[in-house]
>>> print(open('my_file_24.txt').read())   # compact mmCIF, all heavy atoms
# COMPACT_ATOMS: atom_id res chain seq x y z
N MET A 1 0.85 -1.19 0.00
CA MET A 1 0.00 0.00 0.00
C MET A 1 0.88 1.24 0.00
O MET A 1 1.72 1.41 0.87
CB MET A 1 -0.90 -0.03 1.23
CG MET A 1 -1.81 1.14 1.33
SD MET A 1 -2.88 0.89 2.77
CE MET A 1 -3.94 2.23 2.58
N LYS A 2 0.68 2.10 -0.98
CA LYS A 2 1.49 3.30 -1.12
C LYS A 2 0.82 4.48 -0.41
O LYS A 2 -0.38 4.71 -0.56
CB LYS A 2 1.67 3.62 -2.60
CG LYS A 2 2.55 4.81 -2.84
CD LYS A 2 2.70 5.08 -4.33
CE LYS A 2 3.49 6.36 -4.51
NZ LYS A 2 3.53 6.78 -5.88
N THR A 3 1.59 5.22 0.35
CA THR A 3 1.09 6.41 1.02
C THR A 3 1.20 7.59 0.07
O THR A 3 2.22 7.76 -0.59
CB THR A 3 1.91 6.70 2.30
OG1 THR A 3 1.88 5.54 3.12
CG2 THR A 3 1.36 7.89 3.05
N LYS A 4 0.18 8.41 -0.01
CA LYS A 4 0.20 9.57 -0.89
C LYS A 4 1.11 10.65 -0.32
O LYS A 4 1.12 10.90 0.89
CB LYS A 4 -1.20 10.15 -1.06
CG LYS A 4 -2.12 9.26 -1.85
CD LYS A 4 -3.45 9.93 -2.06
CE LYS A 4 -4.36 9.05 -2.89
NZ LYS A 4 -5.64 9.69 -3.13
N THR A 5 1.85 11.30 -1.19
CA THR A 5 2.70 12.41 -0.77
C THR A 5 1.88 13.70 -0.79
O THR A 5 0.78 13.74 -1.35
CB THR A 5 3.91 12.58 -1.71
OG1 THR A 5 3.43 12.95 -3.00
CG2 THR A 5 4.74 11.31 -1.78
N LYS A 6 2.41 14.75 -0.21
CA LYS A 6 1.70 16.03 -0.18
C LYS A 6 1.48 16.57 -1.60
O LYS A 6 0.46 17.16 -1.88
CB LYS A 6 2.47 17.05 0.66
CG LYS A 6 2.38 16.79 2.13
CD LYS A 6 3.02 17.89 2.93
CE LYS A 6 2.89 17.60 4.41
NZ LYS A 6 3.42 18.67 5.23
N LYS A 7 2.44 16.35 -2.49
CA LYS A 7 2.28 16.81 -3.87
C LYS A 7 1.12 16.10 -4.54
O LYS A 7 0.35 16.70 -5.28
CB LYS A 7 3.56 16.61 -4.66
CG LYS A 7 4.63 17.62 -4.36
CD LYS A 7 5.81 17.46 -5.29
CE LYS A 7 6.86 18.50 -4.96
NZ LYS A 7 7.99 18.42 -5.89
N GLU A 8 0.98 14.82 -4.30
CA GLU A 8 -0.11 14.05 -4.89
C GLU A 8 -1.46 14.53 -4.34
O GLU A 8 -2.44 14.62 -5.07
CB GLU A 8 0.06 12.56 -4.63
CG GLU A 8 1.21 11.94 -5.40
CD GLU A 8 1.48 10.51 -4.98
OE1 GLU A 8 1.18 10.13 -3.84
OE2 GLU A 8 2.03 9.78 -5.82
N ILE A 9 -1.50 14.83 -3.08
CA ILE A 9 -2.73 15.30 -2.46
C ILE A 9 -3.06 16.70 -2.98
O ILE A 9 -4.20 17.00 -3.29
CB ILE A 9 -2.60 15.31 -0.91
CG1 ILE A 9 -2.48 13.88 -0.40
CG2 ILE A 9 -3.79 16.02 -0.27
CD1 ILE A 9 -2.13 13.75 1.06
N LYS A 10 -2.08 17.57 -3.12
CA LYS A 10 -2.28 18.93 -3.61
C LYS A 10 -2.76 18.97 -5.05
O LYS A 10 -3.37 19.92 -5.48
CB LYS A 10 -0.98 19.72 -3.49
CG LYS A 10 -0.80 20.39 -2.17
CD LYS A 10 -0.90 21.85 -2.41
CE LYS A 10 -0.53 22.60 -1.18
NZ LYS A 10 -1.44 23.67 -0.91
N ALA A 11 -2.47 17.96 -5.82
CA ALA A 11 -2.76 17.95 -7.24
C ALA A 11 -4.23 17.68 -7.56
O ALA A 11 -4.58 17.52 -8.72
CB ALA A 11 -1.88 16.93 -7.93
N LYS A 12 -5.10 17.67 -6.56
CA LYS A 12 -6.50 17.41 -6.85
C LYS A 12 -7.11 18.55 -7.66
O LYS A 12 -6.64 19.68 -7.62
CB LYS A 12 -7.31 17.14 -5.58
CG LYS A 12 -7.08 18.05 -4.43
CD LYS A 12 -7.83 17.54 -3.21
CE LYS A 12 -7.35 18.26 -1.98
NZ LYS A 12 -8.16 17.97 -0.84
N GLU A 13 -8.15 18.24 -8.39
CA GLU A 13 -8.75 19.19 -9.30
C GLU A 13 -9.44 20.35 -8.59
O GLU A 13 -9.40 21.47 -9.05
CB GLU A 13 -9.76 18.48 -10.19
CG GLU A 13 -9.14 17.52 -11.16
CD GLU A 13 -10.17 16.83 -12.01
OE1 GLU A 13 -11.23 17.42 -12.28
OE2 GLU A 13 -9.93 15.68 -12.39
N PHE A 14 -10.08 20.08 -7.49
CA PHE A 14 -10.83 21.11 -6.77
C PHE A 14 -10.51 21.02 -5.28
O PHE A 14 -10.73 19.99 -4.66
CB PHE A 14 -12.33 20.91 -6.99
CG PHE A 14 -13.17 21.95 -6.32
CD1 PHE A 14 -13.29 23.21 -6.87
CD2 PHE A 14 -13.84 21.66 -5.15
CE1 PHE A 14 -14.07 24.18 -6.25
CE2 PHE A 14 -14.61 22.62 -4.52
CZ PHE A 14 -14.73 23.88 -5.09
N ASP A 15 -9.98 22.10 -4.74
CA ASP A 15 -9.63 22.14 -3.32
C ASP A 15 -10.69 22.95 -2.58
O ASP A 15 -10.73 24.18 -2.67
CB ASP A 15 -8.24 22.76 -3.14
CG ASP A 15 -7.75 22.67 -1.71
OD1 ASP A 15 -8.54 22.33 -0.81
OD2 ASP A 15 -6.56 22.94 -1.48
N THR A 16 -11.55 22.26 -1.88
CA THR A 16 -12.66 22.89 -1.18
C THR A 16 -12.19 23.91 -0.15
O THR A 16 -12.73 25.02 -0.09
CB THR A 16 -13.53 21.82 -0.48
OG1 THR A 16 -13.91 20.84 -1.44
CG2 THR A 16 -14.75 22.43 0.15
N VAL A 17 -11.22 23.56 0.65
CA VAL A 17 -10.74 24.46 1.70
C VAL A 17 -10.16 25.74 1.10
O VAL A 17 -10.48 26.84 1.54
CB VAL A 17 -9.70 23.75 2.60
CG1 VAL A 17 -9.09 24.72 3.59
CG2 VAL A 17 -10.33 22.57 3.32
N GLU A 18 -9.35 25.60 0.08
CA GLU A 18 -8.75 26.78 -0.56
C GLU A 18 -9.83 27.67 -1.17
O GLU A 18 -9.80 28.90 -1.01
CB GLU A 18 -7.77 26.33 -1.65
CG GLU A 18 -7.10 27.48 -2.36
CD GLU A 18 -6.16 27.01 -3.45
OE1 GLU A 18 -5.72 25.85 -3.42
OE2 GLU A 18 -5.87 27.82 -4.35
N THR A 19 -10.79 27.06 -1.83
CA THR A 19 -11.88 27.83 -2.44
C THR A 19 -12.70 28.56 -1.39
O THR A 19 -13.01 29.74 -1.54
CB THR A 19 -12.79 26.89 -3.26
OG1 THR A 19 -11.99 26.22 -4.24
CG2 THR A 19 -13.90 27.65 -3.94
N PHE A 20 -13.03 27.86 -0.31
CA PHE A 20 -13.81 28.48 0.76
C PHE A 20 -13.05 29.64 1.40
O PHE A 20 -13.63 30.69 1.67
CB PHE A 20 -14.16 27.42 1.82
CG PHE A 20 -15.13 27.91 2.85
CD1 PHE A 20 -16.44 28.20 2.52
CD2 PHE A 20 -14.73 28.07 4.17
CE1 PHE A 20 -17.34 28.65 3.47
CE2 PHE A 20 -15.61 28.52 5.13
CZ PHE A 20 -16.93 28.81 4.78
N ARG A 21 -11.76 29.50 1.59
CA ARG A 21 -10.94 30.59 2.15
C ARG A 21 -10.94 31.81 1.23
O ARG A 21 -11.02 32.95 1.70
CB ARG A 21 -9.51 30.11 2.39
CG ARG A 21 -9.40 29.22 3.60
CD ARG A 21 -7.97 28.80 3.85
NE ARG A 21 -7.92 27.92 5.00
CZ ARG A 21 -6.99 27.02 5.20
NH1 ARG A 21 -6.01 26.87 4.31
NH2 ARG A 21 -7.01 26.26 6.27
N LYS A 22 -10.84 31.59 -0.08
CA LYS A 22 -10.86 32.70 -1.04
C LYS A 22 -12.20 33.43 -0.99
O LYS A 22 -12.25 34.66 -1.02
CB LYS A 22 -10.59 32.19 -2.45
CG LYS A 22 -9.16 31.82 -2.69
CD LYS A 22 -8.95 31.31 -4.10
CE LYS A 22 -7.53 30.85 -4.33
NZ LYS A 22 -7.34 30.30 -5.68
N ILE A 23 -13.29 32.67 -0.91
CA ILE A 23 -14.62 33.27 -0.84
C ILE A 23 -14.77 34.09 0.44
O ILE A 23 -15.27 35.22 0.41
CB ILE A 23 -15.72 32.18 -0.94
CG1 ILE A 23 -15.71 31.55 -2.33
CG2 ILE A 23 -17.09 32.76 -0.60
CD1 ILE A 23 -16.56 30.30 -2.45
N LYS A 24 -14.34 33.52 1.57
CA LYS A 24 -14.44 34.24 2.84
C LYS A 24 -13.62 35.53 2.81
O LYS A 24 -14.06 36.56 3.31
CB LYS A 24 -13.96 33.35 4.00
CG LYS A 24 -14.94 32.28 4.36
CD LYS A 24 -14.59 31.44 5.57
CE LYS A 24 -13.28 31.60 6.20
NZ LYS A 24 -13.02 30.71 7.33
N GLU A 25 -12.43 35.48 2.23
CA GLU A 25 -11.56 36.66 2.14
C GLU A 25 -12.21 37.74 1.27
O GLU A 25 -12.18 38.92 1.61
CB GLU A 25 -10.19 36.29 1.58
CG GLU A 25 -9.21 37.42 1.54
CD GLU A 25 -8.89 38.00 2.92
OE1 GLU A 25 -8.85 37.25 3.90
OE2 GLU A 25 -8.67 39.23 2.99
N LYS A 26 -12.83 37.34 0.16
CA LYS A 26 -13.50 38.28 -0.73
C LYS A 26 -14.65 38.97 -0.01
O LYS A 26 -14.79 40.20 -0.06
CB LYS A 26 -14.01 37.56 -1.97
CG LYS A 26 -14.74 38.45 -2.96
CD LYS A 26 -15.21 37.64 -4.15
CE LYS A 26 -16.00 38.49 -5.10
NZ LYS A 26 -17.42 38.48 -4.85
N ILE A 27 -15.48 38.20 0.68
CA ILE A 27 -16.60 38.76 1.42
C ILE A 27 -16.11 39.68 2.53
O ILE A 27 -16.63 40.78 2.73
CB ILE A 27 -17.51 37.65 1.99
CG1 ILE A 27 -18.19 36.90 0.84
CG2 ILE A 27 -18.54 38.22 2.97
CD1 ILE A 27 -18.91 35.64 1.26
N SER A 28 -15.09 39.26 3.24
CA SER A 28 -14.53 40.06 4.32
C SER A 28 -14.05 41.41 3.82
O SER A 28 -14.28 42.44 4.45
CB SER A 28 -13.38 39.30 4.98
OG SER A 28 -12.81 40.05 6.00
N THR A 29 -13.40 41.41 2.67
CA THR A 29 -12.92 42.66 2.08
C THR A 29 -14.09 43.56 1.68
O THR A 29 -14.04 44.77 1.90
CB THR A 29 -12.05 42.35 0.83
OG1 THR A 29 -10.97 41.50 1.23
CG2 THR A 29 -11.50 43.61 0.22
N GLU A 30 -15.13 42.97 1.11
CA GLU A 30 -16.29 43.74 0.66
C GLU A 30 -17.05 44.39 1.82
O GLU A 30 -17.56 45.49 1.68
CB GLU A 30 -17.24 42.85 -0.12
CG GLU A 30 -16.73 42.43 -1.47
CD GLU A 30 -17.66 41.47 -2.19
OE1 GLU A 30 -18.70 41.07 -1.63
OE2 GLU A 30 -17.32 41.10 -3.33
N ILE A 31 -17.13 43.73 2.95
CA ILE A 31 -17.96 44.23 4.05
C ILE A 31 -17.17 44.92 5.17
O ILE A 31 -17.75 45.36 6.15
CB ILE A 31 -18.84 43.12 4.64
CG1 ILE A 31 -18.01 42.07 5.37
CG2 ILE A 31 -19.72 42.50 3.59
CD1 ILE A 31 -18.83 41.05 6.15
N ALA A 32 -15.88 45.05 5.01
CA ALA A 32 -15.01 45.54 6.07
C ALA A 32 -15.44 46.89 6.65
O ALA A 32 -15.43 47.07 7.87
CB ALA A 32 -13.57 45.63 5.58
N ASP A 33 -15.84 47.83 5.83
CA ASP A 33 -16.14 49.17 6.32
C ASP A 33 -17.63 49.50 6.31
O ASP A 33 -18.01 50.66 6.37
CB ASP A 33 -15.40 50.21 5.45
CG ASP A 33 -13.89 50.05 5.57
OD1 ASP A 33 -13.41 49.75 6.69
OD2 ASP A 33 -13.20 50.23 4.55
N MET A 34 -18.47 48.48 6.28
CA MET A 34 -19.92 48.70 6.22
C MET A 34 -20.51 48.90 7.61
O MET A 34 -20.06 48.30 8.58
CB MET A 34 -20.62 47.51 5.56
CG MET A 34 -20.39 47.39 4.10
SD MET A 34 -21.42 46.06 3.45
CE MET A 34 -20.88 46.05 1.76
N THR A 35 -21.54 49.72 7.64
CA THR A 35 -22.33 49.86 8.86
C THR A 35 -23.29 48.67 8.94
O THR A 35 -23.42 47.91 7.98
CB THR A 35 -23.15 51.16 8.84
OG1 THR A 35 -24.12 51.07 7.79
CG2 THR A 35 -22.28 52.38 8.67
N LEU A 36 -24.00 48.55 10.05
CA LEU A 36 -24.94 47.46 10.22
C LEU A 36 -26.03 47.51 9.14
O LEU A 36 -26.38 46.49 8.56
CB LEU A 36 -25.58 47.49 11.61
CG LEU A 36 -26.60 46.41 11.90
CD1 LEU A 36 -26.01 45.02 11.73
CD2 LEU A 36 -27.19 46.58 13.29
N GLU A 37 -26.54 48.69 8.86
CA GLU A 37 -27.59 48.83 7.85
C GLU A 37 -27.07 48.47 6.46
O GLU A 37 -27.74 47.81 5.69
CB GLU A 37 -28.17 50.25 7.86
CG GLU A 37 -28.96 50.58 9.12
CD GLU A 37 -30.08 49.60 9.38
OE1 GLU A 37 -30.81 49.24 8.42
OE2 GLU A 37 -30.24 49.16 10.53
N GLN A 38 -25.86 48.90 6.14
CA GLN A 38 -25.26 48.56 4.85
C GLN A 38 -25.05 47.05 4.74
O GLN A 38 -25.27 46.46 3.68
CB GLN A 38 -23.92 49.28 4.67
CG GLN A 38 -24.05 50.77 4.47
CD GLN A 38 -22.69 51.45 4.51
OE1 GLN A 38 -21.80 51.05 5.25
NE2 GLN A 38 -22.55 52.51 3.71
N LEU A 39 -24.64 46.44 5.85
CA LEU A 39 -24.43 45.00 5.86
C LEU A 39 -25.74 44.25 5.63
O LEU A 39 -25.78 43.29 4.86
CB LEU A 39 -23.79 44.57 7.18
CG LEU A 39 -23.45 43.10 7.33
CD1 LEU A 39 -22.53 42.62 6.21
CD2 LEU A 39 -22.82 42.83 8.68
N LYS A 40 -26.81 44.70 6.25
CA LYS A 40 -28.12 44.08 6.05
C LYS A 40 -28.53 44.17 4.58
O LYS A 40 -29.04 43.20 4.01
CB LYS A 40 -29.17 44.73 6.94
CG LYS A 40 -29.05 44.34 8.39
CD LYS A 40 -30.13 45.02 9.22
CE LYS A 40 -30.03 44.67 10.68
NZ LYS A 40 -31.06 45.35 11.48
N GLU A 41 -28.33 45.33 3.96
CA GLU A 41 -28.66 45.50 2.55
C GLU A 41 -27.79 44.62 1.67
O GLU A 41 -28.26 44.05 0.69
CB GLU A 41 -28.52 46.97 2.13
CG GLU A 41 -29.59 47.86 2.71
CD GLU A 41 -31.00 47.44 2.32
OE1 GLU A 41 -31.23 47.11 1.14
OE2 GLU A 41 -31.87 47.41 3.21
N TYR A 42 -26.53 44.50 2.00
CA TYR A 42 -25.60 43.64 1.26
C TYR A 42 -26.10 42.19 1.30
O TYR A 42 -26.14 41.52 0.28
CB TYR A 42 -24.21 43.74 1.89
CG TYR A 42 -23.19 42.77 1.32
CD1 TYR A 42 -22.47 43.06 0.18
CD2 TYR A 42 -22.94 41.55 1.96
CE1 TYR A 42 -21.54 42.17 -0.34
CE2 TYR A 42 -22.01 40.65 1.45
CZ TYR A 42 -21.31 40.97 0.31
OH TYR A 42 -20.39 40.08 -0.19
N LEU A 43 -26.49 41.73 2.48
CA LEU A 43 -26.96 40.36 2.62
C LEU A 43 -28.27 40.15 1.86
O LEU A 43 -28.46 39.10 1.24
CB LEU A 43 -27.12 40.00 4.10
CG LEU A 43 -25.81 39.97 4.90
CD1 LEU A 43 -26.10 39.75 6.37
CD2 LEU A 43 -24.86 38.93 4.38
N LYS A 44 -29.16 41.14 1.89
CA LYS A 44 -30.41 41.03 1.14
C LYS A 44 -30.11 40.96 -0.35
O LYS A 44 -30.73 40.19 -1.08
CB LYS A 44 -31.32 42.22 1.43
CG LYS A 44 -32.01 42.14 2.76
CD LYS A 44 -32.90 43.34 2.98
CE LYS A 44 -33.46 43.36 4.38
NZ LYS A 44 -34.25 44.58 4.64
N ALA A 45 -29.18 41.76 -0.82
CA ALA A 45 -28.82 41.77 -2.24
C ALA A 45 -28.21 40.44 -2.66
O ALA A 45 -28.37 40.02 -3.81
CB ALA A 45 -27.86 42.91 -2.53
N LYS A 46 -27.51 39.79 -1.74
CA LYS A 46 -26.88 38.50 -2.04
C LYS A 46 -27.82 37.34 -1.76
O LYS A 46 -27.42 36.19 -1.87
CB LYS A 46 -25.60 38.32 -1.20
CG LYS A 46 -24.53 39.34 -1.48
CD LYS A 46 -23.96 39.16 -2.86
CE LYS A 46 -22.82 40.14 -3.07
NZ LYS A 46 -22.24 40.05 -4.39
N LYS A 47 -29.06 37.65 -1.38
CA LYS A 47 -30.10 36.66 -1.09
C LYS A 47 -29.70 35.72 0.06
O LYS A 47 -29.91 34.52 0.01
CB LYS A 47 -30.46 35.85 -2.32
CG LYS A 47 -31.04 36.71 -3.41
CD LYS A 47 -31.58 35.89 -4.53
CE LYS A 47 -31.97 36.81 -5.66
NZ LYS A 47 -33.34 37.04 -5.81
N VAL A 48 -29.10 36.30 1.10
CA VAL A 48 -28.75 35.57 2.30
C VAL A 48 -29.82 35.86 3.32
O VAL A 48 -30.23 37.00 3.52
CB VAL A 48 -27.36 36.01 2.83
CG1 VAL A 48 -27.04 35.34 4.15
CG2 VAL A 48 -26.29 35.70 1.80
N ARG A 49 -30.29 34.83 3.98
CA ARG A 49 -31.33 35.01 4.99
C ARG A 49 -30.76 35.73 6.21
O ARG A 49 -29.78 35.28 6.80
CB ARG A 49 -31.90 33.66 5.40
CG ARG A 49 -33.21 33.79 6.12
CD ARG A 49 -33.86 32.45 6.27
NE ARG A 49 -33.95 32.22 7.70
CZ ARG A 49 -33.95 31.04 8.27
NH1 ARG A 49 -33.85 29.97 7.56
NH2 ARG A 49 -34.06 30.94 9.56
N VAL A 50 -31.37 36.84 6.61
CA VAL A 50 -30.93 37.62 7.74
C VAL A 50 -31.84 37.32 8.93
O VAL A 50 -33.05 37.49 8.85
CB VAL A 50 -30.95 39.13 7.43
CG1 VAL A 50 -30.49 39.93 8.63
CG2 VAL A 50 -30.10 39.44 6.23
N LEU A 51 -31.25 36.88 10.02
CA LEU A 51 -32.02 36.65 11.25
C LEU A 51 -31.88 37.85 12.15
O LEU A 51 -30.80 38.41 12.30
CB LEU A 51 -31.50 35.40 11.97
CG LEU A 51 -31.59 34.08 11.18
CD1 LEU A 51 -30.94 32.96 11.98
CD2 LEU A 51 -33.02 33.74 10.87
N ASN A 52 -32.97 38.27 12.79
CA ASN A 52 -32.91 39.43 13.68
C ASN A 52 -32.43 39.04 15.04
O ASN A 52 -32.63 38.16 15.66
CB ASN A 52 -34.28 40.10 13.77
CG ASN A 52 -34.60 40.82 12.48
OD1 ASN A 52 -33.70 41.20 11.74
ND2 ASN A 52 -35.86 40.98 12.20
>>> encode(input="my_file_24.txt", output="structure tokens")
Amino acid sequence: MKTKTKKEIKAKEFDTVETFRKIKEKISTEIADMTLEQLKEYLKAKKVRVLN
């Protein structure tokens, strides 16, 4: 039984963790200087359910 090396593991077609980190960083940058009201409007525009 051969153990996979880090290079073999990295070579996968789609890296979920890396993609999720990029998405989180993009959102964080977009909302960094928003007020609460602006943030609520941003979430409504992105069709995210806002809980009060």
>>> axis_aligned_box(input="my_file_24.txt", around="stretch 15-24 of chain A", padding_each_side="5 Å", output="JSON")
{"center_x": -11.5, "center_y": 28.7, "center_z": 0.8, "size_x": 21.6, "size_y": 25.7, "size_z": 23.0}
>>> atom_distance(input="my_file_24.txt", atom1="atom C of A:Leu43", atom2="atom CG2 of A:Thr29")
17.2 Å
>>> atom_distance(input="my_file_24.txt", atom1="atom C of A:Thr16", atom2="atom O of A:Lys47")
20.7 Å
>>> atom_distance(input="my_file_24.txt", atom1="atom CA of A:Lys46", atom2="atom CA of A:Thr19")
18.4 Å
